[in-house]
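S.K.: Enclosed is the structure file target-v1.cif (mmCIF, C-alpha atoms).
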data_protein
#
loop_
_atom_site.label_atom_id
_atom_site.label_comp_id
_atom_site.auth_asym_id
_atom_site.auth_seq_id
_atom_site.Cartn_x
_atom_site.Cartn_y
_atom_site.Cartn_z
CA MET S 1052 25.19 20.02 -17.40
CA ASN S 1053 28.96 20.52 -17.30
CA GLU S 1054 30.86 23.46 -18.85
CA SER S 1055 30.77 21.84 -22.31
CA GLY S 1056 26.96 21.61 -22.17
CA GLU S 1057 26.83 17.82 -21.76
CA ASN S 1058 24.37 16.19 -19.38
CA VAL S 1059 26.24 15.01 -16.28
CA LYS S 1060 25.06 11.60 -15.05
CA LEU S 1061 25.75 10.39 -11.51
CA SER S 1062 27.66 7.13 -11.33
CA ALA S 1063 26.98 4.18 -9.04
CA GLY S 1064 29.93 5.29 -6.91
CA ASN S 1065 28.46 8.71 -6.20
CA SER S 1066 28.42 9.31 -2.43
CA ARG S 1067 24.87 10.68 -2.40
CA LEU S 1068 23.56 7.67 -4.29
CA LYS S 1069 25.36 5.37 -1.86
CA GLU S 1070 23.41 6.98 0.99
CA ILE S 1071 20.13 6.67 -0.90
CA ARG S 1072 20.76 2.98 -1.59
CA LYS S 1073 20.68 2.42 2.18
CA LEU S 1074 16.91 3.00 1.98
CA ALA S 1075 16.64 -0.62 0.88
CA ARG S 1076 16.71 -1.34 4.64
CA ARG S 1077 13.49 -0.77 6.58
CA ALA S 1078 15.34 0.59 9.62
CA VAL S 1079 16.98 3.30 7.53
CA ARG S 1080 13.68 4.25 5.88
CA THR S 1081 11.99 4.47 9.27
CA GLU S 1082 14.79 6.56 10.78
CA ARG S 1083 14.91 9.03 7.87
CA ARG S 1084 11.17 8.85 7.07
CA VAL S 1085 11.86 8.73 3.36
CA PHE S 1086 11.56 5.98 0.74
CA LEU S 1087 12.00 5.37 -2.97
CA ALA S 1088 9.04 5.24 -5.35
CA ASP S 1089 10.19 3.00 -8.20
CA GLY S 1090 8.78 3.22 -11.72
CA PRO S 1091 6.58 5.67 -13.64
CA LYS S 1092 3.27 4.76 -11.97
CA ALA S 1093 4.70 5.21 -8.49
CA VAL S 1094 6.48 8.43 -9.42
CA GLU S 1095 3.33 9.80 -11.04
CA GLY S 1096 1.33 8.94 -7.92
CA ALA S 1097 3.92 10.57 -5.67
CA LEU S 1098 3.92 13.74 -7.77
CA GLY S 1099 0.19 13.99 -7.16
CA VAL S 1100 0.80 14.44 -3.41
CA PRO S 1101 1.98 17.99 -2.63
CA GLY S 1102 5.43 17.99 -1.02
CA CYS S 1103 5.87 14.22 -1.23
CA VAL S 1104 8.67 14.09 -3.82
CA GLN S 1105 12.06 15.38 -2.71
CA GLU S 1106 14.13 14.41 -5.74
CA ILE S 1107 13.69 12.45 -8.97
CA PHE S 1108 16.41 10.24 -10.48
CA ALA S 1109 16.25 8.93 -14.04
CA THR S 1110 18.44 7.42 -16.69
CA GLU S 1111 18.67 9.34 -19.94
CA ALA S 1112 16.38 6.78 -21.60
CA GLY S 1113 13.95 6.87 -18.66
CA ALA S 1114 13.72 10.65 -18.73
CA GLU S 1115 12.94 10.51 -22.43
CA THR S 1116 10.44 7.63 -22.22
CA TYR S 1117 8.50 9.16 -19.32
CA ALA S 1118 8.81 12.78 -20.37
CA SER S 1119 5.06 13.30 -19.96
CA VAL S 1120 5.18 12.11 -16.32
CA LEU S 1121 8.25 14.21 -15.56
CA ALA S 1122 7.14 17.35 -17.39
CA GLY S 1123 8.11 20.45 -15.45
CA GLN S 1124 10.08 18.46 -12.86
CA SER S 1125 13.75 18.78 -12.00
CA VAL S 1126 15.44 15.44 -12.76
CA THR S 1127 18.84 14.17 -11.66
CA LEU S 1128 20.31 11.96 -14.39
CA VAL S 1129 22.09 8.76 -13.36
CA GLU S 1130 23.98 6.09 -15.25
CA ASP S 1131 22.20 2.82 -16.01
CA ARG S 1132 24.33 0.95 -13.48
CA ALA S 1133 23.48 3.51 -10.82
CA MET S 1134 19.75 3.10 -11.55
CA ALA S 1135 20.10 -0.66 -11.14
CA GLY S 1136 21.31 0.03 -7.59
CA LEU S 1137 18.38 2.34 -6.80
CA SER S 1138 15.62 0.21 -8.31
CA ASP S 1139 14.20 -2.89 -6.67
CA SER S 1140 12.94 -4.18 -10.02
CA VAL S 1141 14.71 -6.88 -12.02
CA THR S 1142 14.27 -4.69 -15.10
CA PRO S 1143 14.36 -1.07 -13.89
CA ALA S 1144 12.02 1.31 -15.68
CA GLY S 1145 14.64 4.04 -15.42
CA VAL S 1146 12.94 6.47 -13.02
CA VAL S 1147 12.65 6.61 -9.22
CA ALA S 1148 11.67 9.35 -6.79
CA LEU S 1149 12.91 10.05 -3.27
CA CYS S 1150 9.74 10.63 -1.25
CA ARG S 1151 8.76 11.55 2.27
CA PHE S 1152 6.60 9.17 4.32
CA LEU S 1153 2.90 9.66 3.71
CA ASP S 1154 1.07 7.51 6.29
CA VAL S 1155 -1.54 9.31 8.37
CA PRO S 1156 -2.50 9.08 12.07
CA LEU S 1157 -4.93 6.32 12.98
CA ASP S 1158 -7.59 8.88 13.94
CA ASP S 1159 -7.57 10.18 10.35
CA ILE S 1160 -9.01 6.89 9.06
CA ALA S 1161 -12.80 7.17 9.00
CA GLY S 1162 -15.74 5.47 7.26
CA PRO S 1163 -17.76 4.45 5.49
CA LEU S 1164 -15.42 1.69 4.26
CA VAL S 1165 -12.06 0.76 5.78
CA VAL S 1166 -9.77 -2.28 5.54
CA ILE S 1167 -7.63 -3.43 8.48
CA CYS S 1168 -4.76 -5.76 7.54
CA ALA S 1169 -3.64 -7.67 10.64
CA ASP S 1170 -0.22 -9.33 10.28
CA VAL S 1171 -0.36 -9.33 6.47
CA ARG S 1172 3.27 -10.00 5.67
CA ASP S 1173 3.46 -10.43 1.92
CA PRO S 1174 4.18 -7.09 0.18
CA GLY S 1175 2.36 -8.21 -2.98
CA ASN S 1176 -0.77 -9.00 -0.98
CA ALA S 1177 -0.61 -5.78 1.03
CA GLY S 1178 -0.07 -3.66 -2.06
CA THR S 1179 -2.90 -5.41 -3.90
CA VAL S 1180 -5.28 -4.93 -0.95
CA ILE S 1181 -4.45 -1.22 -1.00
CA ARG S 1182 -5.08 -1.09 -4.74
CA CYS S 1183 -8.42 -2.94 -4.44
CA ALA S 1184 -9.54 -0.74 -1.55
CA ASP S 1185 -8.72 2.34 -3.62
CA ALA S 1186 -10.57 0.97 -6.66
CA ALA S 1187 -13.66 0.16 -4.57
CA GLY S 1188 -13.76 3.68 -3.17
CA ALA S 1189 -12.70 2.75 0.36
CA SER S 1190 -11.86 5.60 2.70
CA GLY S 1191 -8.67 4.13 4.12
CA VAL S 1192 -6.47 1.16 4.99
CA ILE S 1193 -4.81 0.30 8.29
CA LEU S 1194 -1.67 -1.87 8.30
CA ALA S 1195 -1.74 -3.34 11.79
CA GLY S 1196 0.38 -5.65 13.89
CA ASP S 1197 3.33 -7.34 12.23
CA SER S 1198 2.23 -6.37 8.72
CA VAL S 1199 4.75 -5.70 5.97
CA ASP S 1200 6.29 -2.25 5.75
CA LEU S 1201 4.12 0.07 3.66
CA TYR S 1202 7.34 1.52 2.18
CA ASN S 1203 8.78 -1.81 1.10
CA PRO S 1204 9.43 -1.25 -2.64
CA LYS S 1205 7.35 -4.31 -3.52
CA THR S 1206 4.37 -3.03 -1.50
CA ILE S 1207 4.50 0.36 -3.22
CA ARG S 1208 4.87 -1.25 -6.65
CA ALA S 1209 1.99 -3.71 -6.05
CA SER S 1210 -0.30 -0.83 -5.10
CA VAL S 1211 0.27 0.63 -8.62
CA GLY S 1212 0.08 4.19 -7.29
CA SER S 1213 -2.86 3.64 -4.93
CA ALA S 1214 -0.62 4.04 -1.87
CA PHE S 1215 -0.44 7.70 -2.84
CA HIS S 1216 -4.21 8.09 -3.39
CA LEU S 1217 -5.59 6.47 -0.25
CA PRO S 1218 -5.14 7.39 3.44
CA ILE S 1219 -3.10 4.65 5.10
CA ALA S 1220 -2.37 4.35 8.82
CA ILE S 1221 0.17 2.13 10.55
CA GLU S 1222 -0.68 0.70 13.98
CA ARG S 1223 1.45 -1.85 15.81
CA ASP S 1224 -1.45 -3.21 17.87
CA PRO S 1225 -4.35 -4.65 15.81
CA LEU S 1226 -6.65 -4.43 18.84
CA VAL S 1227 -6.03 -0.68 19.05
CA ALA S 1228 -6.94 -0.38 15.37
CA VAL S 1229 -10.18 -2.32 15.84
CA LYS S 1230 -11.20 -0.26 18.86
CA ALA S 1231 -10.42 2.98 17.00
CA VAL S 1232 -12.71 2.17 14.06
CA LYS S 1233 -15.44 0.99 16.43
CA ALA S 1234 -15.19 4.29 18.29
CA ALA S 1235 -15.62 6.00 14.91
CA GLY S 1236 -18.95 4.21 14.48
CA LEU S 1237 -17.89 1.44 12.07
CA THR S 1238 -19.13 -2.14 12.19
CA VAL S 1239 -16.15 -4.50 12.21
CA LEU S 1240 -16.56 -7.51 9.92
CA ALA S 1241 -13.94 -10.24 10.06
CA ALA S 1242 -13.38 -12.27 6.92
CA ASP S 1243 -13.06 -15.95 7.83
CA MET S 1244 -14.01 -19.18 6.05
CA HIS S 1245 -15.88 -20.35 9.17
CA GLY S 1246 -18.03 -17.23 9.47
CA THR S 1247 -21.73 -17.46 10.32
CA ALA S 1248 -22.73 -14.69 7.88
CA ASP S 1249 -22.60 -15.29 4.12
CA LEU S 1250 -21.02 -12.53 2.03
CA PHE S 1251 -23.48 -13.19 -0.81
CA THR S 1252 -26.62 -12.80 1.35
CA ALA S 1253 -25.60 -10.20 3.92
CA ASP S 1254 -26.49 -6.97 2.08
CA ALA S 1255 -28.20 -5.41 5.11
CA LEU S 1256 -25.06 -6.02 7.17
CA LEU S 1257 -22.72 -4.85 4.42
CA ALA S 1258 -24.63 -1.61 3.92
CA ARG S 1259 -23.47 -0.35 7.30
CA PRO S 1260 -20.32 1.81 7.62
CA THR S 1261 -17.80 -1.01 7.78
CA ALA S 1262 -14.23 -1.92 8.64
CA TRP S 1263 -13.13 -5.22 7.12
CA LEU S 1264 -10.65 -7.14 9.27
CA MET S 1265 -8.32 -9.32 7.18
CA GLY S 1266 -5.84 -11.75 8.77
CA ASN S 1267 -2.50 -13.29 7.98
CA GLU S 1268 -2.07 -15.16 4.69
CA ALA S 1269 -1.21 -18.47 6.40
CA TRP S 1270 -3.16 -18.63 9.66
CA GLY S 1271 -5.86 -15.98 9.37
CA LEU S 1272 -7.00 -14.05 12.41
CA PRO S 1273 -6.03 -15.03 15.95
CA PRO S 1274 -9.13 -16.01 17.96
CA GLU S 1275 -8.76 -13.13 20.41
CA LEU S 1276 -8.79 -10.60 17.57
CA ALA S 1277 -11.62 -12.29 15.65
CA ALA S 1278 -13.65 -12.16 18.86
CA GLU S 1279 -13.53 -8.36 18.71
CA ALA S 1280 -15.39 -8.33 15.38
CA ASP S 1281 -19.11 -7.58 15.33
CA GLU S 1282 -19.67 -10.37 12.82
CA ILE S 1283 -17.63 -13.12 11.16
CA VAL S 1284 -18.34 -13.28 7.43
CA SER S 1285 -17.45 -16.14 5.09
CA ILE S 1286 -17.06 -16.11 1.31
CA PRO S 1287 -18.86 -19.10 -0.24
CA ILE S 1288 -16.67 -21.51 -2.20
CA PHE S 1289 -18.60 -23.54 -4.77
CA GLY S 1290 -15.70 -25.42 -6.32
CA LYS S 1291 -12.97 -27.63 -4.90
CA ALA S 1292 -10.53 -24.89 -3.85
CA GLU S 1293 -9.97 -24.90 -0.10
CA SER S 1294 -9.61 -21.14 0.24
CA LEU S 1295 -8.97 -17.86 -1.54
CA ASN S 1296 -5.83 -15.77 -1.76
CA LEU S 1297 -5.94 -12.96 0.82
CA SER S 1298 -5.97 -10.13 -1.70
CA THR S 1299 -8.71 -11.85 -3.73
CA ALA S 1300 -10.83 -12.27 -0.60
CA ALA S 1301 -10.26 -8.63 0.34
CA ALA S 1302 -11.31 -7.49 -3.13
CA LEU S 1303 -14.56 -9.47 -2.95
CA CYS S 1304 -15.33 -8.12 0.52
CA VAL S 1305 -14.72 -4.44 -0.20
CA TYR S 1306 -16.61 -4.55 -3.48
CA ALA S 1307 -19.55 -6.31 -1.79
CA SER S 1308 -19.63 -3.55 0.83
CA ALA S 1309 -19.25 -0.81 -1.78
CA LYS S 1310 -22.18 -2.25 -3.75
CA ALA S 1311 -24.40 -2.62 -0.67
CA GLN S 1312 -23.59 0.87 0.58
CA ARG S 1313 -24.37 2.45 -2.78
CA ARG S 1314 -27.66 0.55 -2.99
CA GLU S 1315 -28.56 1.80 0.49
CA VAL S 1316 -27.82 5.40 -0.45
CA SER S 1317 -29.87 5.23 -3.65
CA SER S 1318 -32.89 3.47 -2.14
#
How does this structure look as structure tokens?

M.R.:
Amino acid sequence: MNESGENVKLSAGNSRLKEIRKLARRAVRTERRVFLADGPKAVEGALGVPGCVQEIFATEAGAETYASVLAGQSVTLVEDRAMAGLSDSVTPAGVVALCRFLDVPLDDIAGPLVVICADVRDPGNAGTVIRCADAAGASGVILAGDSVDLYNPKTIRASVGSAFHLPIAIERDPLVAVKAVKAAGLTVLAADMHGTADLFTADALLARPTAWLMGNEAWGLPPELAAEADEIVSIPIFGKAESLNLSTAAALCVYASAKAQRREVSS
């Protein structure tokens, strides 16, 4: 507040906000190891991780609308135009948080259920895979190779908060990721339409501690990486569709494993 007791809102021209807007670039995020969590779900998820949130920015309307999420938090008010510059959304919700990076070392990803995304480049797909893995009770996700940046605003938004709930590692070499989960005792299953194992009849295989290897949206897994899998598994298609969307395939695979693993534990 200023001396008259009015709430002071930062304008779009504020020098600090200009610096924060640079986080739209991946190189800047990587150098500073901070990113923006955009929207109430992302902010709520970030607040659930101790020490993750460094500062919260909100419009006056956003602070009022999401008062329950922001309860007890210090909030920096910004003008609507300034929020439009901070938010990646076409219609900003009115609240964003400046957060520290939260990915974990590769060795921290352990079983019984892991997803490796190799060269998954669409942020919507990557975020949805993270969300599905979280919902299925997976123990972690590895973004490997030339996969999209975890901290891309669209990836964070598509995860609907799950990026803050689930351990996620980043590894430039997919082969290193595969060898790491094998060393941890996981069976590596590659999802591919030409697989010899059928997802619907492979319960004994799926009941093992498993790492699912998912490939690029357009061309799948390169042969040399698929060859490192212990088994290639296909998802049956009964209709006329040629294939499934990557995130849909990942959801089916992780839920099939989760079901088989729970049945194994209870039997």

S.K.: So what does the PyMOL selection byres ((chain S and resi 1226) around 12) actually pick up in this one, as a PyMOL selection string?

M.R.: chain S and resi 1167-1170+1193-1196+1222-1225+1227-1233+1239+1264+1272-1280

S.K.: Measuring atom to atom with all atoms listed in the file, identify which of S:Leu1295, S:Ala1122, S:Ala1311, S:Cys1304 is nearest to S:Ala1255.

M.R.: S:Ala1311

S.K.: Name the residues captured by the PyMOL selection byres ((chain S and resi 1190) around 12) when it is applied to the shown file; answer as an mmCIF file with C-alpha atoms, keeping the file's coordinate frame.

M.R.:
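Result saved to out_15.cif:
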data_model
loop_
_atom_site.group_PDB
_atom_site.id
_atom_site.type_symbol
_atom_site.label_atom_id
_atom_site.label_comp_id
_atom_site.auth_asym_id
_atom_site.auth_seq_id
_atom_site.Cartn_x
_atom_site.Cartn_y
_atom_site.Cartn_z
ATOM 1 C CA ASP S 1159 -7.570 10.180 10.350
ATOM 2 C CA ILE S 1160 -9.010 6.890 9.060
ATOM 3 C CA ALA S 1161 -12.800 7.170 9.000
ATOM 4 C CA GLY S 1162 -15.740 5.470 7.260
ATOM 5 C CA PRO S 1163 -17.760 4.450 5.490
ATOM 6 C CA LEU S 1164 -15.420 1.690 4.260
ATOM 7 C CA VAL S 1165 -12.060 0.760 5.780
ATOM 8 C CA VAL S 1166 -9.770 -2.280 5.540
ATOM 9 C CA ILE S 1167 -7.630 -3.430 8.480
ATOM 10 C CA ILE S 1181 -4.450 -1.220 -1.000
ATOM 11 C CA CYS S 1183 -8.420 -2.940 -4.440
ATOM 12 C CA ALA S 1184 -9.540 -0.740 -1.550
ATOM 13 C CA ASP S 1185 -8.720 2.340 -3.620
ATOM 14 C CA ALA S 1186 -10.570 0.970 -6.660
ATOM 15 C CA ALA S 1187 -13.660 0.160 -4.570
ATOM 16 C CA GLY S 1188 -13.760 3.680 -3.170
ATOM 17 C CA ALA S 1189 -12.700 2.750 0.360
ATOM 18 C CA GLY S 1191 -8.670 4.130 4.120
ATOM 19 C CA VAL S 1192 -6.470 1.160 4.990
ATOM 20 C CA ILE S 1193 -4.810 0.300 8.290
ATOM 21 C CA SER S 1213 -2.860 3.640 -4.930
ATOM 22 C CA HIS S 1216 -4.210 8.090 -3.390
ATOM 23 C CA LEU S 1217 -5.590 6.470 -0.250
ATOM 24 C CA PRO S 1218 -5.140 7.390 3.440
ATOM 25 C CA ILE S 1219 -3.100 4.650 5.100
ATOM 26 C CA ALA S 1220 -2.370 4.350 8.820
ATOM 27 C CA VAL S 1232 -12.710 2.170 14.060
ATOM 28 C CA LEU S 1237 -17.890 1.440 12.070
ATOM 29 C CA PRO S 1260 -20.320 1.810 7.620
ATOM 30 C CA THR S 1261 -17.800 -1.010 7.780
ATOM 31 C CA ALA S 1262 -14.230 -1.920 8.640
ATOM 32 C CA TRP S 1263 -13.130 -5.220 7.120
ATOM 33 C CA VAL S 1305 -14.720 -4.440 -0.200
ATOM 34 C CA ALA S 1309 -19.250 -0.810 -1.780
#

S.K.: Which is closest to S:Arg1083 among S:Ile1107, S:Leu1157, S:Leu1149, S:Ala1258, if we use all atoms listed in the file?

M.R.: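 Going through S:Ile1107, S:Leu1157, S:Leu1149, S:Ala1258 one by one, the smallest distance to S:Arg1083 is for S:Leu1149.
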
S.K.: Which residues of stretch 1110-1217 of chain S sit at most 12 Å from stretch 1065-1079 of chain S, using only C-alpha atoms? Give each one's shortest atom pair and distance in Å (one decimal place), in chain and ascending residue order, as a tab-separated table.

M.R.:
residue	atom	partner	partner_atom	distance
S:Thr1127	CA	S:Leu1068	CA	10.9
S:Leu1128	CA	S:Leu1068	CA	11.4
S:Val1129	CA	S:Leu1068	CA	9.3
S:Glu1130	CA	S:Asn1065	CA	10.4
S:Arg1132	CA	S:Leu1068	CA	11.4
S:Ala1133	CA	S:Leu1068	CA	7.7
S:Met1134	CA	S:Leu1068	CA	9.4
S:Ala1135	CA	S:Arg1072	CA	10.2
S:Gly1136	CA	S:Arg1072	CA	6.7
S:Leu1137	CA	S:Arg1072	CA	5.8
S:Ser1138	CA	S:Arg1072	CA	8.9
S:Asp1139	CA	S:Ala1075	CA	8.3
S:Val1147	CA	S:Ile1071	CA	11.2
S:Ala1148	CA	S:Ile1071	CA	10.7
S:Leu1149	CA	S:Ile1071	CA	8.3
S:Cys1150	CA	S:Leu1074	CA	11.0
S:Arg1151	CA	S:Leu1074	CA	11.8
S:Val1199	CA	S:Arg1077	CA	10.1
S:Asp1200	CA	S:Arg1077	CA	7.4
S:Leu1201	CA	S:Arg1077	CA	9.9
S:Tyr1202	CA	S:Arg1077	CA	7.9
S:Asn1203	CA	S:Arg1077	CA	7.3
S:Pro1204	CA	S:Ala1075	CA	8.0
S:Lys1205	CA	S:Ala1075	CA	10.9

S.K.: For a quick check of understanding, using all atoms listed in the file, which of S:Ala1234, S:Val1094, S:Leu1257, S:Val1059 has the smallest distance to S:Ile1283?

M.R.: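 Between S:Ala1234, S:Val1094, S:Leu1257, S:Val1059, the residue approaching S:Ile1283 most closely is S:Leu1257.
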
S.K.: Would you list the contacts of S:Ile1286 as a list in words, taking every protein, DNA or RNA residue within 7 Å and counting all atoms listed in the file, but skipping same-chain residues closer than 2 positions in sequence?

M.R.: Met1244, Asp1249, Leu1250, Val1284 and Ile1288 of chain S

S.K.: Taking only C-alpha atoms into account, which of S:Ser1308, S:Ala1302, S:Gly1236, S:Val1085 comes nearest S:Gly1178?

M.R.: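 Ranked by minimum distance to S:Gly1178, first place goes to S:Ala1302.
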
S.K.: To one decimal in Å, tell me the separation between atom CA of S:Asp1243 and atom CA of S:Pro1174.

M.R.: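 Distance reported for this atom pair: 20.8 Å.
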
S.K.: Selected by the PyMOL selection byres ((chain S and resi 1089-1091) around 6) in the shown coordinates: which residues, as a PyMOL selection string?

M.R.: chain S and resi 1088+1092-1095+1144+1146-1147

S.K.: Deliver the residues from the most recent selection as a file, using C-alpha atoms, as a compact mmCIF listing (two decimals), keeping the file's coordinate frame.

M.R.:
# COMPACT_ATOMS: atom_id res chain seq x y z
CA ALA S 1088 9.04 5.24 -5.35
CA LYS S 1092 3.27 4.76 -11.97
CA ALA S 1093 4.70 5.21 -8.49
CA VAL S 1094 6.48 8.43 -9.42
CA GLU S 1095 3.33 9.80 -11.04
CA ALA S 1144 12.02 1.31 -15.68
CA VAL S 1146 12.94 6.47 -13.02
CA VAL S 1147 12.65 6.61 -9.22

S.K.: Between atom CA of S:Phe1152 and atom CA of S:Tyr1117, measure the distance and give it in Å to one decimal.

M.R.: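 According to the coordinates, atom CA of S:Phe1152 and atom CA of S:Tyr1117 are separated by 23.7 Å.
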
S.K.: Interatomic distance between atom CA of S:Leu1303 and atom CA of S:Ile1207?

M.R.: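 These two atoms are separated by 21.4 Å.
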
S.K.: Since the input lacks atoms, please generate N, CA, C and O atoms for stretch 1058-1070 of chain S and provide them as a PDB file, in the coordinates of the input.

M.R.:
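File written: part35.pdb
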ATOM      1  N   ASN S1058      25.083  16.627 -20.570  1.00  0.00           N
ATOM      2  CA  ASN S1058      24.370  16.190 -19.380  1.00  0.00           C
ATOM      3  C   ASN S1058      25.290  15.368 -18.489  1.00  0.00           C
ATOM      4  O   ASN S1058      25.917  14.408 -18.949  1.00  0.00           O
ATOM      5  N   VAL S1059      25.402  15.733 -17.218  1.00  0.00           N
ATOM      6  CA  VAL S1059      26.240  15.010 -16.280  1.00  0.00           C
ATOM      7  C   VAL S1059      25.383  13.953 -15.585  1.00  0.00           C
ATOM      8  O   VAL S1059      24.341  14.266 -15.006  1.00  0.00           O
ATOM      9  N   LYS S1060      25.814  12.694 -15.663  1.00  0.00           N
ATOM     10  CA  LYS S1060      25.060  11.600 -15.050  1.00  0.00           C
ATOM     11  C   LYS S1060      25.833  11.084 -13.832  1.00  0.00           C
ATOM     12  O   LYS S1060      27.033  10.835 -13.921  1.00  0.00           O
ATOM     13  N   LEU S1061      25.112  10.906 -12.717  1.00  0.00           N
ATOM     14  CA  LEU S1061      25.750  10.390 -11.510  1.00  0.00           C
ATOM     15  C   LEU S1061      26.066   8.915 -11.689  1.00  0.00           C
ATOM     16  O   LEU S1061      25.260   8.146 -12.221  1.00  0.00           O
ATOM     17  N   SER S1062      27.239   8.521 -11.217  1.00  0.00           N
ATOM     18  CA  SER S1062      27.660   7.130 -11.330  1.00  0.00           C
ATOM     19  C   SER S1062      27.236   6.347 -10.091  1.00  0.00           C
ATOM     20  O   SER S1062      26.821   6.924  -9.075  1.00  0.00           O
ATOM     21  N   ALA S1063      27.355   5.028 -10.165  1.00  0.00           N
ATOM     22  CA  ALA S1063      26.980   4.180  -9.040  1.00  0.00           C
ATOM     23  C   ALA S1063      27.844   4.461  -7.820  1.00  0.00           C
ATOM     24  O   ALA S1063      27.429   4.215  -6.687  1.00  0.00           O
ATOM     25  N   GLY S1064      29.041   4.994  -8.031  1.00  0.00           N
ATOM     26  CA  GLY S1064      29.930   5.290  -6.910  1.00  0.00           C
ATOM     27  C   GLY S1064      29.701   6.637  -6.268  1.00  0.00           C
ATOM     28  O   GLY S1064      30.377   6.985  -5.294  1.00  0.00           O
ATOM     29  N   ASN S1065      28.744   7.395  -6.754  1.00  0.00           N
ATOM     30  CA  ASN S1065      28.460   8.710  -6.200  1.00  0.00           C
ATOM     31  C   ASN S1065      28.066   8.587  -4.723  1.00  0.00           C
ATOM     32  O   ASN S1065      27.260   7.738  -4.350  1.00  0.00           O
ATOM     33  N   SER S1066      28.633   9.427  -3.872  1.00  0.00           N
ATOM     34  CA  SER S1066      28.420   9.310  -2.430  1.00  0.00           C
ATOM     35  C   SER S1066      26.952   9.526  -2.041  1.00  0.00           C
ATOM     36  O   SER S1066      26.434   8.862  -1.128  1.00  0.00           O
ATOM     37  N   ARG S1067      26.274  10.437  -2.713  1.00  0.00           N
ATOM     38  CA  ARG S1067      24.870  10.680  -2.400  1.00  0.00           C
ATOM     39  C   ARG S1067      24.012   9.464  -2.760  1.00  0.00           C
ATOM     40  O   ARG S1067      23.109   9.088  -2.016  1.00  0.00           O
ATOM     41  N   LEU S1068      24.317   8.852  -3.901  1.00  0.00           N
ATOM     42  CA  LEU S1068      23.560   7.670  -4.290  1.00  0.00           C
ATOM     43  C   LEU S1068      23.836   6.494  -3.352  1.00  0.00           C
ATOM     44  O   LEU S1068      22.947   5.674  -3.089  1.00  0.00           O
ATOM     45  N   LYS S1069      25.047   6.415  -2.836  1.00  0.00           N
ATOM     46  CA  LYS S1069      25.360   5.370  -1.860  1.00  0.00           C
ATOM     47  C   LYS S1069      24.481   5.497  -0.624  1.00  0.00           C
ATOM     48  O   LYS S1069      23.997   4.508  -0.073  1.00  0.00           O
ATOM     49  N   GLU S1070      24.266   6.740  -0.175  1.00  0.00           N
ATOM     50  CA  GLU S1070      23.410   6.980   0.990  1.00  0.00           C
ATOM     51  C   GLU S1070      21.958   6.610   0.671  1.00  0.00           C
ATOM     52  O   GLU S1070      21.257   6.026   1.498  1.00  0.00           O
TER      53      GLU S1070
END
